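A.B. asks: Hey, dropping my_file_35.cif in here, mmCIF, C-alpha atoms:
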```cif
data_target
loop_
_atom_site.label_atom_id
_atom_site.label_comp_id
_atom_site.auth_asym_id
_atom_site.auth_seq_id
_atom_site.Cartn_x
_atom_site.Cartn_y
_atom_site.Cartn_z
CA MET A 1 -90.08 -20.72 -196.75
CA ALA A 2 -86.66 -21.84 -195.57
CA GLN A 3 -85.61 -24.92 -193.64
CA LEU A 4 -83.47 -23.84 -190.68
CA THR A 5 -82.00 -25.60 -187.71
CA TYR A 6 -82.93 -24.28 -184.28
CA ARG A 7 -79.34 -23.03 -183.81
CA ASP A 8 -79.47 -21.18 -187.15
CA ALA A 9 -82.77 -19.67 -186.09
CA VAL A 10 -81.12 -18.19 -183.00
CA ARG A 11 -78.59 -16.42 -185.21
CA ARG A 12 -81.27 -15.23 -187.64
CA GLY A 13 -83.46 -13.92 -184.83
CA ILE A 14 -80.64 -11.96 -183.22
CA ALA A 15 -79.46 -10.57 -186.56
CA GLN A 16 -83.01 -9.53 -187.47
CA GLU A 17 -83.33 -7.46 -184.32
CA MET A 18 -79.81 -6.00 -184.54
CA ARG A 19 -80.50 -4.83 -188.10
CA ARG A 20 -83.83 -3.33 -187.05
CA ASP A 21 -82.61 -1.50 -183.96
CA GLU A 22 -79.04 -0.28 -183.44
CA ARG A 23 -79.62 -0.27 -179.67
CA VAL A 24 -79.63 -4.09 -179.65
CA VAL A 25 -76.30 -5.53 -178.50
CA LEU A 26 -75.16 -9.09 -177.78
CA ILE A 27 -72.95 -10.00 -174.84
CA GLY A 28 -71.79 -13.39 -173.58
CA GLU A 29 -68.91 -15.79 -173.23
CA ASP A 30 -67.48 -16.75 -176.66
CA VAL A 31 -70.42 -15.24 -178.58
CA ALA A 32 -68.20 -13.10 -180.84
CA ALA A 33 -65.18 -14.60 -182.61
CA ALA A 34 -66.01 -18.18 -181.63
CA GLY A 35 -69.65 -17.88 -182.72
CA GLY A 36 -70.97 -19.36 -179.48
CA VAL A 37 -70.23 -22.68 -177.82
CA PHE A 38 -73.31 -24.14 -179.55
CA LYS A 39 -72.57 -22.20 -182.78
CA THR A 40 -75.68 -20.06 -182.43
CA THR A 41 -73.98 -16.71 -183.11
CA PRO A 42 -71.47 -17.14 -185.98
CA GLY A 43 -71.09 -14.17 -188.31
CA LEU A 44 -72.66 -11.63 -185.97
CA LEU A 45 -69.30 -10.12 -185.01
CA GLU A 46 -68.38 -9.71 -188.69
CA GLU A 47 -71.70 -8.05 -189.54
CA PHE A 48 -72.22 -5.83 -186.50
CA GLY A 49 -68.71 -5.27 -185.15
CA PRO A 50 -67.10 -5.47 -181.71
CA ARG A 51 -69.06 -2.54 -180.25
CA ARG A 52 -72.32 -4.53 -180.57
CA VAL A 53 -71.13 -8.14 -180.27
CA LEU A 54 -69.08 -8.45 -177.11
CA ASP A 55 -67.18 -11.35 -175.61
CA ALA A 56 -67.36 -11.39 -171.83
CA PRO A 57 -65.05 -12.95 -169.27
CA ILE A 58 -66.03 -16.27 -167.72
CA SER A 59 -68.29 -14.54 -165.21
CA GLU A 60 -72.06 -14.84 -165.36
CA GLN A 61 -72.33 -11.99 -162.86
CA ALA A 62 -70.25 -9.73 -165.12
CA ILE A 63 -72.36 -10.65 -168.16
CA LEU A 64 -75.66 -9.84 -166.48
CA GLY A 65 -74.27 -6.83 -164.62
CA ALA A 66 -73.12 -5.34 -167.90
CA ALA A 67 -76.43 -6.17 -169.56
CA MET A 68 -78.37 -4.61 -166.70
CA GLY A 69 -76.32 -1.41 -166.85
CA ALA A 70 -76.65 -1.26 -170.62
CA ALA A 71 -80.42 -1.63 -170.41
CA MET A 72 -80.58 1.13 -167.78
CA THR A 73 -78.78 3.52 -170.10
CA GLY A 74 -80.86 3.00 -173.21
CA LEU A 75 -79.55 -0.10 -174.96
CA ARG A 76 -81.46 -3.34 -175.53
CA PRO A 77 -78.98 -6.06 -174.63
CA ILE A 78 -79.26 -9.76 -175.37
CA ALA A 79 -77.17 -11.61 -172.77
CA GLU A 80 -76.16 -15.23 -173.19
CA ILE A 81 -75.67 -17.52 -170.19
CA MET A 82 -73.98 -20.53 -171.77
CA PHE A 83 -75.72 -23.24 -169.72
CA SER A 84 -78.92 -22.54 -167.78
CA ASP A 85 -77.43 -24.38 -164.78
CA PHE A 86 -75.05 -21.41 -164.46
CA LEU A 87 -77.96 -19.09 -163.72
CA ALA A 88 -77.42 -20.28 -160.15
CA VAL A 89 -74.11 -18.38 -160.15
CA CYS A 90 -75.81 -15.07 -160.92
CA TRP A 91 -79.23 -15.66 -159.44
CA ASP A 92 -79.03 -12.62 -157.13
CA MET A 93 -78.58 -10.45 -160.22
CA VAL A 94 -81.57 -12.10 -161.92
CA ALA A 95 -84.01 -12.52 -159.06
CA ASN A 96 -83.11 -9.59 -156.81
CA GLU A 97 -81.94 -6.90 -159.22
CA ILE A 98 -83.14 -7.40 -162.80
CA ALA A 99 -86.56 -8.74 -161.86
CA LYS A 100 -87.27 -6.00 -159.29
CA THR A 101 -85.86 -2.84 -160.83
CA ARG A 102 -89.15 -1.58 -162.29
CA TYR A 103 -90.93 -2.28 -158.98
CA MET A 104 -88.19 -0.80 -156.76
CA THR A 105 -88.00 2.40 -158.82
CA ASP A 106 -91.76 2.86 -158.89
CA GLY A 107 -91.74 2.38 -162.64
CA GLN A 108 -89.08 5.01 -163.31
CA VAL A 109 -86.54 2.48 -164.63
CA SER A 110 -87.39 -0.46 -166.85
CA LEU A 111 -84.93 -3.08 -168.09
CA PRO A 112 -85.56 -4.10 -171.70
CA LEU A 113 -83.10 -6.97 -171.75
CA VAL A 114 -83.19 -10.59 -172.89
CA ILE A 115 -81.33 -13.45 -171.23
CA ARG A 116 -80.86 -16.44 -173.54
CA THR A 117 -79.58 -19.74 -172.22
CA ALA A 118 -79.14 -23.35 -173.36
CA ASN A 119 -81.39 -25.56 -171.27
CA GLY A 120 -82.08 -29.20 -170.53
CA GLY A 121 -80.60 -32.56 -171.40
CA GLY A 122 -80.06 -34.68 -174.47
CA LEU A 123 -76.32 -34.12 -174.97
CA ARG A 124 -75.01 -36.17 -172.02
CA PHE A 125 -73.42 -33.21 -170.23
CA GLY A 126 -74.29 -34.44 -166.74
CA GLY A 127 -75.77 -32.89 -163.65
CA GLN A 128 -74.14 -29.44 -163.83
CA HIS A 129 -74.78 -28.80 -167.55
CA SER A 130 -78.10 -30.51 -168.33
CA GLN A 131 -80.70 -29.26 -165.91
CA SER A 132 -83.99 -27.87 -167.11
CA VAL A 133 -84.53 -24.84 -164.88
CA GLU A 134 -87.26 -22.73 -166.45
CA ASN A 135 -89.29 -23.34 -163.28
CA TRP A 136 -86.70 -21.35 -161.30
CA ALA A 137 -87.42 -18.23 -163.32
CA MET A 138 -91.14 -18.88 -163.42
CA ALA A 139 -91.27 -18.43 -159.64
CA VAL A 140 -89.76 -14.90 -159.68
CA PRO A 141 -92.18 -11.95 -160.08
CA GLY A 142 -90.97 -9.50 -162.70
CA LEU A 143 -89.61 -11.99 -165.22
CA LYS A 144 -91.16 -13.30 -168.42
CA VAL A 145 -90.23 -16.88 -169.33
CA LEU A 146 -90.23 -18.40 -172.82
CA VAL A 147 -89.40 -21.94 -174.00
CA PRO A 148 -89.71 -22.03 -177.82
CA ALA A 149 -89.87 -25.48 -179.43
CA THR A 150 -89.40 -24.68 -183.14
CA PRO A 151 -87.05 -22.49 -185.18
CA ALA A 152 -89.90 -20.24 -186.33
CA ASP A 153 -91.21 -19.80 -182.80
CA LEU A 154 -87.68 -19.05 -181.57
CA ILE A 155 -87.27 -16.19 -184.05
CA GLY A 156 -90.69 -14.68 -183.51
CA LEU A 157 -90.62 -14.93 -179.73
CA LEU A 158 -87.03 -13.66 -179.55
CA ALA A 159 -88.10 -10.61 -181.53
CA ALA A 160 -91.03 -10.02 -179.19
CA ALA A 161 -88.72 -10.40 -176.20
CA VAL A 162 -86.21 -7.88 -177.52
CA ARG A 163 -88.98 -5.34 -178.13
CA ASP A 164 -90.56 -5.92 -174.70
CA PRO A 165 -89.92 -3.18 -172.11
CA ASP A 166 -89.13 -5.67 -169.33
CA PRO A 167 -86.68 -8.56 -168.77
CA VAL A 168 -87.40 -11.80 -170.63
CA LEU A 169 -85.63 -15.14 -170.17
CA ILE A 170 -85.52 -17.50 -173.15
CA PHE A 171 -84.69 -21.13 -172.42
CA GLU A 172 -83.39 -22.79 -175.59
CA PRO A 173 -83.56 -26.61 -175.39
CA LYS A 174 -80.04 -27.61 -176.38
CA ALA A 175 -81.30 -30.96 -177.67
CA LEU A 176 -83.22 -29.05 -180.34
CA TYR A 177 -80.26 -27.04 -181.73
CA PRO A 178 -79.68 -29.46 -184.66
CA VAL A 179 -83.40 -29.96 -185.39
CA ARG A 180 -84.73 -28.39 -188.59
CA GLY A 181 -88.06 -26.68 -189.15
CA GLU A 182 -89.81 -24.48 -191.69
CA VAL A 183 -89.33 -20.75 -191.19
CA PRO A 184 -91.29 -18.15 -193.20
CA ASP A 185 -89.30 -15.60 -195.19
CA GLY A 186 -88.88 -12.05 -193.95
CA ASP A 187 -88.86 -10.62 -190.46
CA LEU A 188 -90.88 -12.51 -187.87
CA LEU A 189 -92.61 -11.11 -184.79
CA ASP A 190 -94.66 -13.28 -182.44
CA THR A 191 -96.80 -12.50 -179.40
CA LEU A 192 -95.74 -13.31 -175.84
CA GLY A 193 -98.16 -15.36 -173.77
CA THR A 194 -99.73 -17.32 -176.60
CA ALA A 195 -99.86 -21.12 -176.70
CA ARG A 196 -100.24 -23.17 -179.86
CA VAL A 197 -102.51 -26.19 -180.39
CA LEU A 198 -100.47 -28.60 -182.52
CA ARG A 199 -103.00 -31.39 -182.69
CA ALA A 200 -106.67 -31.74 -181.78
CA GLY A 201 -108.27 -34.79 -180.18
CA GLY A 202 -111.11 -35.53 -177.81
CA ASP A 203 -109.66 -38.06 -175.36
CA ALA A 204 -106.78 -36.29 -173.57
CA THR A 205 -104.77 -33.07 -173.50
CA LEU A 206 -100.97 -33.25 -173.51
CA VAL A 207 -99.24 -30.01 -172.47
CA ALA A 208 -95.52 -29.53 -173.09
CA VAL A 209 -92.78 -26.99 -173.75
CA GLY A 210 -89.40 -27.09 -175.47
CA ALA A 211 -87.82 -30.46 -176.19
CA MET A 212 -90.84 -32.30 -174.83
CA VAL A 213 -93.14 -30.86 -177.52
CA PRO A 214 -91.99 -33.10 -180.41
CA ARG A 215 -92.06 -36.11 -178.09
CA ALA A 216 -95.63 -35.34 -177.06
CA VAL A 217 -96.64 -35.01 -180.72
CA VAL A 218 -95.10 -38.37 -181.67
CA ALA A 219 -96.70 -40.03 -178.65
CA ALA A 220 -100.08 -38.60 -179.68
CA GLU A 221 -99.62 -39.93 -183.20
CA ARG A 222 -98.87 -43.43 -181.85
CA LEU A 223 -101.91 -43.31 -179.57
CA ALA A 224 -104.12 -42.22 -182.47
CA VAL A 225 -103.31 -45.47 -184.25
CA GLU A 226 -104.82 -47.23 -181.24
CA GLY A 227 -107.92 -45.05 -181.28
CA ILE A 228 -106.86 -42.61 -178.52
CA GLU A 229 -107.06 -39.05 -179.85
CA CYS A 230 -105.02 -36.42 -178.00
CA THR A 231 -104.87 -32.65 -178.14
CA VAL A 232 -101.27 -31.42 -177.91
CA VAL A 233 -100.69 -27.90 -176.58
CA ASP A 234 -97.29 -26.23 -176.87
CA LEU A 235 -97.41 -23.57 -174.16
CA ARG A 236 -94.35 -21.75 -175.63
CA SER A 237 -94.53 -19.15 -172.83
CA LEU A 238 -94.75 -19.99 -169.13
CA VAL A 239 -94.90 -16.32 -168.04
CA PRO A 240 -97.23 -14.90 -169.26
CA LEU A 241 -99.26 -18.09 -169.55
CA ASP A 242 -102.03 -18.65 -172.10
CA VAL A 243 -104.55 -19.97 -169.58
CA ARG A 244 -107.47 -19.65 -172.01
CA THR A 245 -106.05 -22.10 -174.54
CA LEU A 246 -105.16 -24.52 -171.74
CA LEU A 247 -108.64 -24.47 -170.21
CA ASP A 248 -110.37 -24.71 -173.59
CA ALA A 249 -108.40 -27.86 -174.40
CA VAL A 250 -109.22 -29.48 -171.06
CA ALA A 251 -112.89 -28.56 -171.45
CA VAL A 252 -112.99 -30.70 -174.60
CA THR A 253 -110.93 -33.70 -173.44
CA GLY A 254 -111.58 -33.83 -169.68
CA ARG A 255 -108.08 -35.26 -169.09
CA LEU A 256 -104.78 -33.43 -168.65
CA PHE A 257 -101.23 -34.77 -168.87
CA THR A 258 -98.22 -32.48 -168.46
CA VAL A 259 -94.96 -33.52 -170.11
CA GLU A 260 -92.05 -31.90 -168.26
CA GLU A 261 -88.29 -32.15 -168.42
CA ASN A 262 -88.13 -30.64 -164.91
CA PRO A 263 -87.66 -32.69 -161.74
CA ARG A 264 -91.12 -33.54 -160.47
CA LEU A 265 -91.00 -31.44 -157.27
CA CYS A 266 -92.22 -27.91 -158.10
CA GLY A 267 -91.89 -28.33 -161.85
CA TRP A 268 -93.99 -26.00 -164.00
CA GLY A 269 -96.59 -28.73 -164.42
CA ALA A 270 -97.52 -28.36 -160.76
CA GLU A 271 -98.69 -24.80 -161.47
CA ILE A 272 -100.58 -25.95 -164.58
CA ALA A 273 -102.29 -28.68 -162.56
CA SER A 274 -103.21 -26.17 -159.88
CA ILE A 275 -104.75 -23.77 -162.38
CA VAL A 276 -106.82 -26.47 -164.05
CA ALA A 277 -107.95 -27.87 -160.69
CA GLU A 278 -109.07 -24.41 -159.58
CA GLU A 279 -110.58 -23.18 -162.85
CA ALA A 280 -111.85 -26.32 -164.59
CA PHE A 281 -112.36 -28.99 -161.96
CA GLY A 282 -115.85 -29.69 -163.23
CA ALA A 283 -114.53 -30.49 -166.69
CA LEU A 284 -112.11 -33.16 -165.47
CA THR A 285 -113.16 -36.77 -165.90
CA GLY A 286 -110.06 -38.23 -164.23
CA PRO A 287 -106.97 -37.21 -162.26
CA ILE A 288 -104.38 -34.84 -163.70
CA VAL A 289 -101.18 -36.76 -164.47
CA ARG A 290 -97.68 -35.26 -164.52
CA ILE A 291 -94.99 -36.96 -166.63
CA THR A 292 -91.64 -35.64 -165.34
CA THR A 293 -88.04 -36.49 -164.63
CA PRO A 294 -87.36 -37.96 -161.17
CA HIS A 295 -86.20 -35.52 -158.48
CA ILE A 296 -82.53 -36.13 -159.25
CA PRO A 297 -79.64 -34.31 -161.00
CA LEU A 298 -79.67 -35.41 -164.64
CA PRO A 299 -77.14 -38.27 -165.12
CA ALA A 300 -74.45 -38.13 -167.81
CA ALA A 301 -74.62 -41.82 -168.76
CA ASP A 302 -76.62 -42.36 -171.94
CA THR A 303 -78.98 -44.99 -170.59
CA LEU A 304 -79.60 -43.16 -167.32
CA GLU A 305 -80.27 -39.81 -168.99
CA ASP A 306 -82.68 -41.50 -171.37
CA LEU A 307 -84.48 -43.14 -168.46
CA ALA A 308 -84.77 -39.86 -166.57
CA ARG A 309 -86.23 -37.69 -169.33
CA PRO A 310 -89.81 -38.40 -170.48
CA SER A 311 -89.57 -40.52 -173.62
CA VAL A 312 -92.16 -41.04 -176.33
CA ASP A 313 -92.73 -44.55 -174.98
CA ARG A 314 -93.22 -43.33 -171.40
CA ILE A 315 -95.61 -40.59 -172.49
CA ALA A 316 -97.72 -42.97 -174.59
CA ASP A 317 -97.70 -45.69 -171.92
CA THR A 318 -98.76 -43.25 -169.21
CA VAL A 319 -101.70 -41.95 -171.25
CA ARG A 320 -102.69 -45.44 -172.35
CA LYS A 321 -102.76 -46.80 -168.79
CA ALA A 322 -104.58 -43.76 -167.40
CA LEU A 323 -107.33 -43.95 -170.01
CA GLY A 324 -107.49 -47.73 -170.04
#
```
Output the file's structure in the form of structure tokens.
C.D. replies:
Amino acid sequence: MAQLTYRDAVRRGIAQEMRRDERVVLIGEDVAAAGGVFKTTPGLLEEFGPRRVLDAPISEQAILGAAMGAAMTGLRPIAEIMFSDFLAVCWDMVANEIAKTRYMTDGQVSLPLVIRTANGGGLRFGGQHSQSVENWAMAVPGLKVLVPATPADLIGLLAAAVRDPDPVLIFEPKALYPVRGEVPDGDLLDTLGTARVLRAGGDATLVAVGAMVPRAVVAAERLAVEGIECTVVDLRSLVPLDVRTLLDAVAVTGRLFTVEENPRLCGWGAEIASIVAEEAFGALTGPIVRITTPHIPLPAADTLEDLARPSVDRIADTVRKALG
């Protein structure tokens, strides 16, 4: 068992799949010689060479256009969009082309490609480099959407994404890149659409993804000291969604709190709340509560960014007041 940072796990996951399958290629801005702007891809160029690790021009459309063409002709590309905010630049390619190719060709053409991107706040990059936009992709039919919270989950889910026959978007919380976690030895392969219960308790269910997962766990630990026991569910995958684990947790606790880095309006928690209201209304003993950022661009100033993103204190206070 090794201790790896999240950024080192990205490199290990890509290398694992490139060693396993020579059809896997990596393309993105500064992913080759520079090793990635977040240092997630160092050494890959030296090991796999310039035919499989390709620097792209500063053009998100060119990166995804090349990846789409490569996938159509038999390769399994991993494309990096440096900041998830920049998906807006190439959204036609993602939402209108990549997501719909299997449907528009009546299943004759599939696109086994992965789009990785750094997502969310925590590094004070401001409104154009800190958004958490996994809910954008979640709304597009034809895309799978992952938000791993640990190094081990990143490797296993990345491997599953690369081997999937259809396009998968992986949102990597940039605040987690320096965070370490235990990673089992050997190759890892996870299963898409499976949530993980990190903590069991009978009073409330906290549901989170990505950088909000460790905050939800710490908040639950603080509440436990006060006698409030929370179940914490890391969804890991928003599409496909592990509805069974979600509903089972709510059936035990009767209360649901979503912890989201998204702006409140149309964040992924709204869909979770809708599902639980439709499928498990009888199990609820109180209103569903969403803990989100305000509906604003994420500020760059330290204090303002900290106020906007759900903190451990805000999560614990919200649960405490709701159950009080």
A.B. asks: Restricting the calculation to only C-alpha atoms, which member of A:Leu256, A:Leu246, A:Ala95, A:Ile78 is positioned closest to Arg163 (chain A)?
C.D. replies: A:Ile78
A.B. asks: Suppose a student applies the PyMOL selection byres ((chain A and resi 165) around 6) to this structure; what residues should they get, written as a list in words?
C.D. replies: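 When the PyMOL selection byres ((chain A and resi 165) around 6) is applied to the shown file, the picked residues are Pro112, Asp164 and Asp166 of chain A.
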A.B. asks: Evaluate the PyMOL selection byres ((chain A and resi 302-318) around 8) on the structure here and hand back the selected residues as a PyMOL selection string.
C.D. replies: chain A and resi 121-122+124+212+215-216+218-220+222-223+259-261+291-294+298-301+319-322
A.B. asks: Save the residues we just selected, C-alpha atoms, as a short mmCIF file (atom, residue, chain, number, x, y, z; two decimals), in the coordinates of the input?
C.D. replies:
```
data_model
loop_
_atom_site.label_atom_id
_atom_site.label_comp_id
_atom_site.auth_asym_id
_atom_site.auth_seq_id
_atom_site.Cartn_x
_atom_site.Cartn_y
_atom_site.Cartn_z
CA GLY A 121 -80.60 -32.56 -171.40
CA GLY A 122 -80.06 -34.68 -174.47
CA ARG A 124 -75.01 -36.17 -172.02
CA MET A 212 -90.84 -32.30 -174.83
CA ARG A 215 -92.06 -36.11 -178.09
CA ALA A 216 -95.63 -35.34 -177.06
CA VAL A 218 -95.10 -38.37 -181.67
CA ALA A 219 -96.70 -40.03 -178.65
CA ALA A 220 -100.08 -38.60 -179.68
CA ARG A 222 -98.87 -43.43 -181.85
CA LEU A 223 -101.91 -43.31 -179.57
CA VAL A 259 -94.96 -33.52 -170.11
CA GLU A 260 -92.05 -31.90 -168.26
CA GLU A 261 -88.29 -32.15 -168.42
CA ILE A 291 -94.99 -36.96 -166.63
CA THR A 292 -91.64 -35.64 -165.34
CA THR A 293 -88.04 -36.49 -164.63
CA PRO A 294 -87.36 -37.96 -161.17
CA LEU A 298 -79.67 -35.41 -164.64
CA PRO A 299 -77.14 -38.27 -165.12
CA ALA A 300 -74.45 -38.13 -167.81
CA ALA A 301 -74.62 -41.82 -168.76
CA VAL A 319 -101.70 -41.95 -171.25
CA ARG A 320 -102.69 -45.44 -172.35
CA LYS A 321 -102.76 -46.80 -168.79
CA ALA A 322 -104.58 -43.76 -167.40
#
```
A.B. asks: If we count only C-alpha atoms, what is near region 266-278 of chain A at a cut-off of 12 Å, once residues fewer than 2 positions away on the same chain are taken out, given as a count of residues only?
C.D. replies: 58
A.B. asks: Once the PyMOL selection byres ((chain A and resi 39) around 12) has been evaluated on this model, what residues remain selected, and can you format them as a short mmCIF file (atom, residue, chain, number, x, y, z; two decimals) with C-alpha atoms, keeping the file's coordinate frame?
C.D. replies:
```
data_model
loop_
_atom_site.label_atom_id
_atom_site.label_comp_id
_atom_site.auth_asym_id
_atom_site.auth_seq_id
_atom_site.Cartn_x
_atom_site.Cartn_y
_atom_site.Cartn_z
CA THR A 5 -82.00 -25.60 -187.71
CA TYR A 6 -82.93 -24.28 -184.28
CA ARG A 7 -79.34 -23.03 -183.81
CA ASP A 8 -79.47 -21.18 -187.15
CA ALA A 9 -82.77 -19.67 -186.09
CA VAL A 10 -81.12 -18.19 -183.00
CA ARG A 11 -78.59 -16.42 -185.21
CA ASP A 30 -67.48 -16.75 -176.66
CA VAL A 31 -70.42 -15.24 -178.58
CA ALA A 32 -68.20 -13.10 -180.84
CA ALA A 33 -65.18 -14.60 -182.61
CA ALA A 34 -66.01 -18.18 -181.63
CA GLY A 35 -69.65 -17.88 -182.72
CA GLY A 36 -70.97 -19.36 -179.48
CA VAL A 37 -70.23 -22.68 -177.82
CA PHE A 38 -73.31 -24.14 -179.55
CA THR A 40 -75.68 -20.06 -182.43
CA THR A 41 -73.98 -16.71 -183.11
CA PRO A 42 -71.47 -17.14 -185.98
CA GLY A 43 -71.09 -14.17 -188.31
CA LEU A 44 -72.66 -11.63 -185.97
CA MET A 82 -73.98 -20.53 -171.77
CA ALA A 118 -79.14 -23.35 -173.36
CA LYS A 174 -80.04 -27.61 -176.38
CA TYR A 177 -80.26 -27.04 -181.73
CA PRO A 178 -79.68 -29.46 -184.66
#
```
A.B. asks: Of the candidates A:Thr150, A:Gln16, A:Asn119, A:Ser59, which one gets nearest to Val179 (chain A) if we count only C-alpha atoms?
C.D. replies: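 For Val179 (chain A), the nearest of the given residues is A:Thr150.
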